[in-house]
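Novice: Before anything else, here's the structure in question.
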Amino acid sequence: MYAPMMPASDAAAAPLAAPSPLPSLAGLDREKLALALAAIGVGEREVKMRVNQLWHWIYLRGATDFAEMTNVSKHLRATLAEHYSLARPEIVVEQVSQDGTRKWLLRLPAETPGERPHEVEAVYIPERDRGTLCVSSQVGCTLNCSFCHTGTQRLVRNLTAAEIVAQVLVARDRLGDYPGRERAVGPGLPTEGERLVTNIVFMGMGEPLYAYESVAEAIEILSDGDGLGLGKRRITVSTSGVVPEIERLGREVGPMLAISLHAVRDELRDVLVPINKKYPLAELLEACRTYPAASNAKRITFEYVMLKGVNDSPADAKALVRLLKGVPAKINLIPFNPWPGTKYECSDWETIEKFSDIVFQAGYASPVRTPRGRDILAACGQLKSETEKLSARERLALRAMAAAAE
Ligand code: SAH
Ligand code: SF4
């Protein structure tokens with residue numbers, strides 16, 4: 001099931017855009033676009049129509065230059081270009097795995113003067129009939145799940161909604177995924193359907209429900225039918241279990257939900273996913289049972305990382321099935337991705353199969369997630385920004401560990 005290890009290649013398809021000193025309108029919601037237009041003197045009666053035009057060009061057409069906006073008056077285009085840009089976060093590194101997975105390391109401009117610029121990663125995972133973009137919601141993560149590399153990162157700040165949306169724009173820019181653009185070609189890319197980015201998962205760096213406001217606003221922008229048009233059924237928020245915010249997310253926003261479960265006993269989950277001490281399993285499962293969007297057609301995904309000798313016994317599998325009774329659920333078994341310094345190992349393949357069989361017999365689809373993009377360190381839990389640079393030795397160790405797990 002493992003993707004073969006192959007050397008990464010740095011992509012050099014199209015030149016990368018230079019950062020702009022002007023504030024960018026790319027990633028803003030309608031309200032903020034209206035404010036930006038008002039600030040350069042666009043009259044109240046005209047604003048709504050102009051916002052709709054900008055929306056169309058930025059999100060539907062992927063414009064990166066106001067000059068492209070042919071139905072906007074020349075005068076307004078010039079004024080816009082004087083005060084604003086459509087710049088995306090700077091791409092520091094772009095890597096393309098041999099399996100088609102792509103990873104971008106993005107530099108976010110400092111939010112306050114003097115602040116060091118932060119870096120986050122976004123990962124594109126293509127399949128035959130879909131393309132999933134895994135986006136980050138925070139720089140680093142304040143939760144210290146003991147098996148996760150991101151949790152070891154010190155620097156943390158929430159991304160803004162615009163910074164989340166911009167990750168999607170970058171991916172679509174680089175893939176040529178807008179009407180009329182030249183689509184990227186290469187091994188592993190979807191061959192069915194019109195679009196290359198069809199799904200979004202909040203499974204990159206950070207705990208999305210700790211960046212609730214940004215994530216909620218970003219989902220509204222992404223799912224807008226006149227723009228990016230990524231419906232809420234194609235957007236999944238993955239959480240370690242911030243119970244009060246799960247309820248709020250369901251009520252206010254309504255995307256698909258994924259829960260990083262990883263253990264079926266409080267005692268063990270307290271260690272693996274320490275937020276469990278605050279919101280134990282019973283409360284978490286209750287929040288899932290009452291999640292408004294959940295139904296048979298909109299099952300909640302339960303992620304379960306397979307850790308050798310820790311949570312992978314047949315008894316654990318049976319307890320998992322019992323625990324999820326009454327919840328419309330899918331179970332996603334994730335082979336553990338090792339990182340330098342971790343004390344965990346990935347379960348043996350036979351153990352994973354046995355576990356998966358028990359879950360399957362109980363009537364759950366239980367796909368084992370094939371690790372993708374291992375050659376570019378893009379797999380789960382390996383996202384760690386360059387701000388906290390891995391030493392060359394750590395990188396080598398990581399590659400070697402990944403290879404050993406093949
Ligand atoms: N903070 C959120 C979303 C980001 S983590 C959350 O925890 O749900 C995305 C997924 O990757 C989670 O299910 C997480 O538990 C899993 N993960 C983290 N580190 C991993 C590792 N080293 N190997 C495999 N999966 C990992
Ligand atoms: Fe944070 Fe998720 Fe990693 Fe836990 S698994 S440390 S919540 S990113």
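Each chain in the structure tokens gets a letter, A, B and so on, in the order shown; residues start at 1 in every chain, and ligands are counted from 1 in the order they appear.
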Given a cut-off of 7 Å, what residues near ligand 2 show up using only C-alpha atoms and all ligand atoms, put as a list in words?

Specialist: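 With only C-alpha atoms and all ligand atoms and a cut-off of 7 Å, ligand 2 is contacted by Cys141, Thr142, Leu143, Asn144, Cys145, Cys148, His149, Thr150, Gly151, Met205, Gly206, Glu207, Thr239, Ser240, Val273 and Gly381 of chain A.
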
Novice: Which residues come within 12 Å of Pro117 (chain A), counting only C-alpha atoms, excluding same-chain residues fewer than 2 positions away, as a PyMOL selection string?

Specialist: chain A and resi 89-90+92+106-115+119-120+139+155-157+385-387

Novice: Taking only C-alpha atoms into account, which of A:Pro367, A:Gly229, A:Pro292, A:Gly176 comes nearest Ile331 (chain A)?

Specialist: A:Pro367

Novice: Which one is closest to Tyr84 (chain A): A:Leu22, A:Val96, A:Ala282, A:Ile235? Count only C-alpha atoms.

Specialist: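 Looking only at the distances to Tyr84 (chain A), the closest residue turns out to be A:Leu22.
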
Novice: Please, what distance in Å, to one decimal, runs between CA of Val93 (chain A) and CA of Leu105 (chain A)?

Specialist: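 Interatomic distance here is 5.1 Å.
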
Novice: May I have the residues within 12 Å of Glu217 (chain A) as a ChimeraX atom specification, using only C-alpha atoms and disregarding those fewer than 2 positions away in the same chain?

Specialist: /A:27-32,137,159-165,208,211-215,219-224,249,252-253

Novice: Keeping only N, CA and C atoms, write the selected residues to a file as a compact mmCIF listing (two decimals), in the first residue's frame.

Specialist:
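Final file, result_17.txt:
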# COMPACT_ATOMS: atom_id res chain seq x y z
N GLY A 27 -8.24 36.66 -1.47
CA GLY A 27 -8.55 35.93 -0.23
C GLY A 27 -9.56 36.66 0.64
N LEU A 28 -9.92 37.90 0.27
CA LEU A 28 -10.85 38.66 1.11
C LEU A 28 -12.30 38.26 0.85
N ASP A 29 -13.16 38.45 1.87
CA ASP A 29 -14.59 38.19 1.67
C ASP A 29 -15.26 39.45 1.09
N ARG A 30 -16.54 39.35 0.80
CA ARG A 30 -17.23 40.46 0.14
C ARG A 30 -17.20 41.74 0.98
N GLU A 31 -17.35 41.55 2.29
CA GLU A 31 -17.38 42.71 3.18
C GLU A 31 -16.05 43.47 3.12
N LYS A 32 -14.95 42.73 3.17
CA LYS A 32 -13.64 43.38 3.17
C LYS A 32 -13.32 43.98 1.79
N SER A 137 -4.17 25.80 8.98
CA SER A 137 -5.00 26.83 9.60
C SER A 137 -4.23 27.64 10.64
N LEU A 159 -3.84 31.59 11.23
CA LEU A 159 -3.85 32.22 9.92
C LEU A 159 -5.12 33.06 9.80
N THR A 160 -5.09 34.07 8.93
CA THR A 160 -6.31 34.80 8.63
C THR A 160 -7.10 33.99 7.60
N ALA A 161 -8.37 34.34 7.43
CA ALA A 161 -9.18 33.66 6.41
C ALA A 161 -8.53 33.85 5.04
N ALA A 162 -8.03 35.06 4.79
CA ALA A 162 -7.42 35.33 3.47
C ALA A 162 -6.20 34.44 3.25
N GLU A 163 -5.44 34.20 4.31
CA GLU A 163 -4.26 33.34 4.17
C GLU A 163 -4.65 31.88 3.91
N ILE A 164 -5.79 31.48 4.44
CA ILE A 164 -6.27 30.11 4.17
C ILE A 164 -6.74 30.02 2.71
N VAL A 165 -7.56 30.98 2.30
CA VAL A 165 -8.07 30.97 0.92
C VAL A 165 -6.91 31.08 -0.08
N PRO A 208 -7.72 23.50 13.39
CA PRO A 208 -8.63 24.47 12.76
C PRO A 208 -9.66 25.06 13.72
N ALA A 211 -8.62 28.11 15.37
CA ALA A 211 -8.58 29.28 14.48
C ALA A 211 -9.99 29.43 13.90
N TYR A 212 -10.98 29.25 14.78
CA TYR A 212 -12.37 29.10 14.33
C TYR A 212 -12.82 30.21 13.38
N GLU A 213 -12.63 31.47 13.79
CA GLU A 213 -13.17 32.59 13.01
C GLU A 213 -12.61 32.57 11.59
N SER A 214 -11.30 32.37 11.50
CA SER A 214 -10.66 32.36 10.18
C SER A 214 -11.16 31.20 9.33
N VAL A 215 -11.27 30.03 9.97
CA VAL A 215 -11.68 28.84 9.22
C VAL A 215 -13.13 29.00 8.75
N ILE A 219 -14.23 29.11 4.82
CA ILE A 219 -15.14 28.12 4.22
C ILE A 219 -16.26 28.83 3.46
N GLU A 220 -16.75 29.95 4.01
CA GLU A 220 -17.80 30.69 3.30
C GLU A 220 -17.28 31.20 1.95
N ILE A 221 -16.04 31.66 1.93
CA ILE A 221 -15.48 32.16 0.67
C ILE A 221 -15.27 31.00 -0.32
N LEU A 222 -14.69 29.91 0.19
CA LEU A 222 -14.39 28.77 -0.70
C LEU A 222 -15.65 28.15 -1.29
N SER A 223 -16.73 28.16 -0.51
CA SER A 223 -17.93 27.44 -0.95
C SER A 223 -18.89 28.31 -1.75
N ASP A 224 -18.56 29.59 -1.92
CA ASP A 224 -19.44 30.50 -2.65
C ASP A 224 -19.59 30.06 -4.11
N LEU A 249 -19.46 24.84 14.84
CA LEU A 249 -19.13 24.68 13.42
C LEU A 249 -20.31 24.07 12.67
N GLU A 252 -23.18 26.82 12.59
CA GLU A 252 -22.93 28.06 11.84
C GLU A 252 -22.41 27.85 10.42
N VAL A 253 -21.70 26.76 10.21
CA VAL A 253 -21.02 26.61 8.91
C VAL A 253 -21.43 25.34 8.16

Novice: Write out as a list of chain:residue names which residues come within 10 Å of Arg181 (chain A) when counting only C-alpha atoms, dropping same-chain ones fewer than 5 positions away.

Specialist: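 With the cut-off at 10 Å, the set is A:Arg61, A:Gly62, A:Asp173, A:Leu175, A:Gly176.
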
Novice: May I have the selected residues written with all heavy atoms, as a compact mmCIF listing (two decimals), in the first residue's frame?

Specialist:
# COMPACT_ATOMS: atom_id res chain seq x y z
N ARG A 61 -12.05 33.30 -12.05
CA ARG A 61 -11.10 33.34 -13.17
C ARG A 61 -9.64 33.29 -12.73
O ARG A 61 -8.75 33.14 -13.56
CB ARG A 61 -11.36 34.60 -14.00
CG ARG A 61 -12.81 34.76 -14.45
CD ARG A 61 -13.17 33.75 -15.53
NE ARG A 61 -12.50 34.03 -16.77
CZ ARG A 61 -12.98 34.86 -17.71
NH1 ARG A 61 -14.16 35.44 -17.53
NH2 ARG A 61 -12.31 35.09 -18.81
N GLY A 62 -9.39 33.50 -11.44
CA GLY A 62 -8.01 33.39 -10.95
C GLY A 62 -7.12 34.55 -11.37
O GLY A 62 -5.90 34.39 -11.50
N ASP A 173 -3.40 28.31 -9.09
CA ASP A 173 -2.47 29.02 -9.99
C ASP A 173 -1.46 28.05 -10.58
O ASP A 173 -1.22 28.00 -11.78
CB ASP A 173 -1.62 30.05 -9.22
CG ASP A 173 -2.39 31.25 -8.71
OD1 ASP A 173 -3.55 31.44 -9.14
OD2 ASP A 173 -1.84 31.99 -7.86
N LEU A 175 -1.46 24.88 -10.74
CA LEU A 175 -1.99 23.75 -11.51
C LEU A 175 -2.71 24.22 -12.78
O LEU A 175 -3.19 23.40 -13.56
CB LEU A 175 -2.97 22.94 -10.64
CG LEU A 175 -2.34 22.16 -9.47
CD1 LEU A 175 -3.39 21.74 -8.46
CD2 LEU A 175 -1.58 20.93 -10.00
N GLY A 176 -2.80 25.53 -12.96
CA GLY A 176 -3.55 26.06 -14.11
C GLY A 176 -5.01 25.67 -14.03
O GLY A 176 -5.66 25.40 -15.04

Novice: Quick one: everything within 10 Å of Glu245 (chain A), counting only C-alpha atoms, minus sequence neighbours fewer than 2 positions away in the same chain. Send it as a ChimeraX atom specification.

Specialist: /A:208-210,212,239,241-243,247-251,287

Novice: Restrict the selected residues to C-alpha atoms and save them as a PDB file, in the first residue's frame.

Specialist:
ATOM      1  CA  PRO A 208      -8.631  24.470  12.764  1.00  0.00           C
ATOM      2  CA  LEU A 209     -11.109  24.848  15.605  1.00  0.00           C
ATOM      3  CA  TYR A 210      -8.583  26.979  17.513  1.00  0.00           C
ATOM      4  CA  TYR A 212     -12.365  29.097  14.328  1.00  0.00           C
ATOM      5  CA  THR A 239     -10.171  18.343  14.654  1.00  0.00           C
ATOM      6  CA  GLY A 241     -11.764  17.247  19.451  1.00  0.00           C
ATOM      7  CA  VAL A 242     -12.475  20.829  20.543  1.00  0.00           C
ATOM      8  CA  VAL A 243     -16.003  19.872  21.597  1.00  0.00           C
ATOM      9  CA  GLU A 247     -21.206  22.087  17.823  1.00  0.00           C
ATOM     10  CA  ARG A 248     -20.719  25.691  16.722  1.00  0.00           C
ATOM     11  CA  LEU A 249     -19.128  24.677  13.421  1.00  0.00           C
ATOM     12  CA  GLY A 250     -22.073  22.415  12.652  1.00  0.00           C
ATOM     13  CA  ARG A 251     -24.620  25.077  13.487  1.00  0.00           C
ATOM     14  CA  ALA A 287     -20.849  16.134  19.879  1.00  0.00           C
TER      15      ALA A 287
END

Novice: Got a sec: who's within 8 Å of region 262-271 of chain A, counting only C-alpha atoms, leaving out chain neighbours fewer than 2 positions off, as JSON, numbers by chain?

Specialist: {"A": [145, 146, 260, 273, 274, 275, 276, 277, 280, 281, 303, 304, 305, 306, 311, 316, 319, 320, 323]}

Novice: Looking at A:Ile246, A:Val72, A:Ala362, A:Met256, which one is nearest to Phe202 (chain A), with distances taken over only C-alpha atoms?

Specialist: A:Met256

Novice: Figure out the distance between CA of Val368 (chain A) and CA of Tyr291 (chain A), please, to one decimal in Å.

Specialist: 24.7 Å

Novice: Mind checking DSSP for region 63-258 of chain A and telling me the helix (DSSP H, G or I) residues as a PyMOL selection string?

Specialist: chain A and resi 66-68+74-83+150-152+161-175+208-210+212-223+232-234+243-252

Novice: At a cut-off of 12 Å, using only C-alpha atoms, what residues contact Tyr178 (chain A)? Leave out same-chain residues fewer than 4 positions from it and give the result as a compact mmCIF listing (two decimals) with N, CA and C atoms, in the first residue's frame.

Specialist:
# COMPACT_ATOMS: atom_id res chain seq x y z
N HIS A 56 -15.77 37.70 -9.16
CA HIS A 56 -15.73 36.87 -10.37
C HIS A 56 -14.29 36.70 -10.87
N TRP A 57 -13.57 37.82 -10.93
CA TRP A 57 -12.22 37.77 -11.50
C TRP A 57 -11.24 37.07 -10.56
N ILE A 58 -11.35 37.36 -9.27
CA ILE A 58 -10.38 36.77 -8.32
C ILE A 58 -10.64 35.28 -8.14
N TYR A 59 -11.90 34.93 -7.89
CA TYR A 59 -12.17 33.55 -7.47
C TYR A 59 -12.59 32.61 -8.60
N LEU A 60 -13.31 33.13 -9.57
CA LEU A 60 -13.74 32.24 -10.67
C LEU A 60 -12.66 32.16 -11.74
N ARG A 61 -12.05 33.30 -12.05
CA ARG A 61 -11.10 33.34 -13.17
C ARG A 61 -9.64 33.29 -12.73
N GLY A 62 -9.39 33.50 -11.44
CA GLY A 62 -8.01 33.39 -10.95
C GLY A 62 -7.12 34.55 -11.37
N ALA A 63 -7.72 35.73 -11.56
CA ALA A 63 -6.92 36.88 -12.01
C ALA A 63 -5.80 37.20 -11.03
N THR A 64 -4.63 37.52 -11.57
CA THR A 64 -3.51 37.92 -10.71
C THR A 64 -3.10 39.37 -11.01
N VAL A 168 -5.44 27.99 -1.44
CA VAL A 168 -6.20 27.36 -2.53
C VAL A 168 -5.89 28.08 -3.85
N LEU A 169 -5.78 29.42 -3.78
CA LEU A 169 -5.47 30.17 -5.01
C LEU A 169 -4.09 29.79 -5.53
N VAL A 170 -3.12 29.64 -4.63
CA VAL A 170 -1.77 29.25 -5.05
C VAL A 170 -1.82 27.90 -5.75
N ALA A 171 -2.50 26.94 -5.14
CA ALA A 171 -2.57 25.60 -5.74
C ALA A 171 -3.19 25.68 -7.13
N ARG A 172 -4.29 26.43 -7.24
CA ARG A 172 -4.96 26.51 -8.54
C ARG A 172 -4.11 27.28 -9.56
N ASP A 173 -3.40 28.31 -9.09
CA ASP A 173 -2.47 29.02 -9.99
C ASP A 173 -1.46 28.05 -10.58
N ARG A 174 -0.83 27.29 -9.67
CA ARG A 174 0.28 26.44 -10.09
C ARG A 174 -0.18 25.25 -10.92
N GLU A 182 -3.97 27.01 -19.01
CA GLU A 182 -3.31 25.76 -19.41
C GLU A 182 -3.14 24.87 -18.19
N ARG A 183 -3.80 23.73 -18.23
CA ARG A 183 -3.75 22.81 -17.07
C ARG A 183 -2.39 22.16 -16.94
N ALA A 184 -2.00 21.95 -15.70
CA ALA A 184 -0.74 21.24 -15.45
C ALA A 184 -0.85 19.82 -15.99
N GLU A 194 -13.51 18.23 -14.69
CA GLU A 194 -12.96 19.46 -15.26
C GLU A 194 -11.93 20.12 -14.36
N ARG A 195 -12.10 19.91 -13.07
CA ARG A 195 -11.26 20.65 -12.12
C ARG A 195 -10.17 19.78 -11.52
N LEU A 196 -9.06 20.42 -11.17
CA LEU A 196 -7.95 19.68 -10.54
C LEU A 196 -8.03 19.75 -9.01
N VAL A 197 -8.47 20.90 -8.48
CA VAL A 197 -8.68 20.98 -7.02
C VAL A 197 -10.19 20.86 -6.80
N THR A 198 -10.61 19.70 -6.28
CA THR A 198 -12.06 19.48 -6.11
C THR A 198 -12.46 19.40 -4.65
N GLY A 227 -17.98 31.88 -7.02
CA GLY A 227 -16.53 32.01 -7.03
C GLY A 227 -15.85 30.66 -7.12
N LEU A 228 -15.15 30.28 -6.06
CA LEU A 228 -14.39 29.03 -6.09
C LEU A 228 -15.30 27.82 -6.17
N GLY A 229 -16.51 27.94 -5.61
CA GLY A 229 -17.54 26.92 -5.81
C GLY A 229 -17.20 25.55 -5.24

Novice: Nearest residue to Ala81 (chain A) out of A:Val359, A:Met69, A:Val321, A:Val185, using only C-alpha atoms?

Specialist: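 Once distances to Ala81 (chain A) are computed over only C-alpha atoms, the minimum belongs to A:Met69.
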
Novice: Go through A:Val51, A:Ala36, A:Leu80, A:Leu25 one by one, measure the shortest atom-to-atom distance of each to Phe66 (chain A) using only C-alpha atoms, and give the residue with the smallest value.

Specialist: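 Under the stated criterion, the closest residue is A:Leu80.
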
Novice: Using Å and a single decimal, report how far CA of Ile352 (chain A) sits from CA of Val310 (chain A).

Specialist: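 Computing it gives 12.4 Å between the two atoms.
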
Novice: Rank A:Asn296, A:Gly254, A:Leu324, A:Pro244 by their smallest atom-to-atom distance to Glu283 (chain A), using only C-alpha atoms, and report the top residue only.

Specialist: A:Pro244

Novice: Write out as a ChimeraX atom specification all residues of region 180-233 of chain A that DSSP puts in strand (DSSP E) for this structure's backbone.

Specialist: /A:199-202
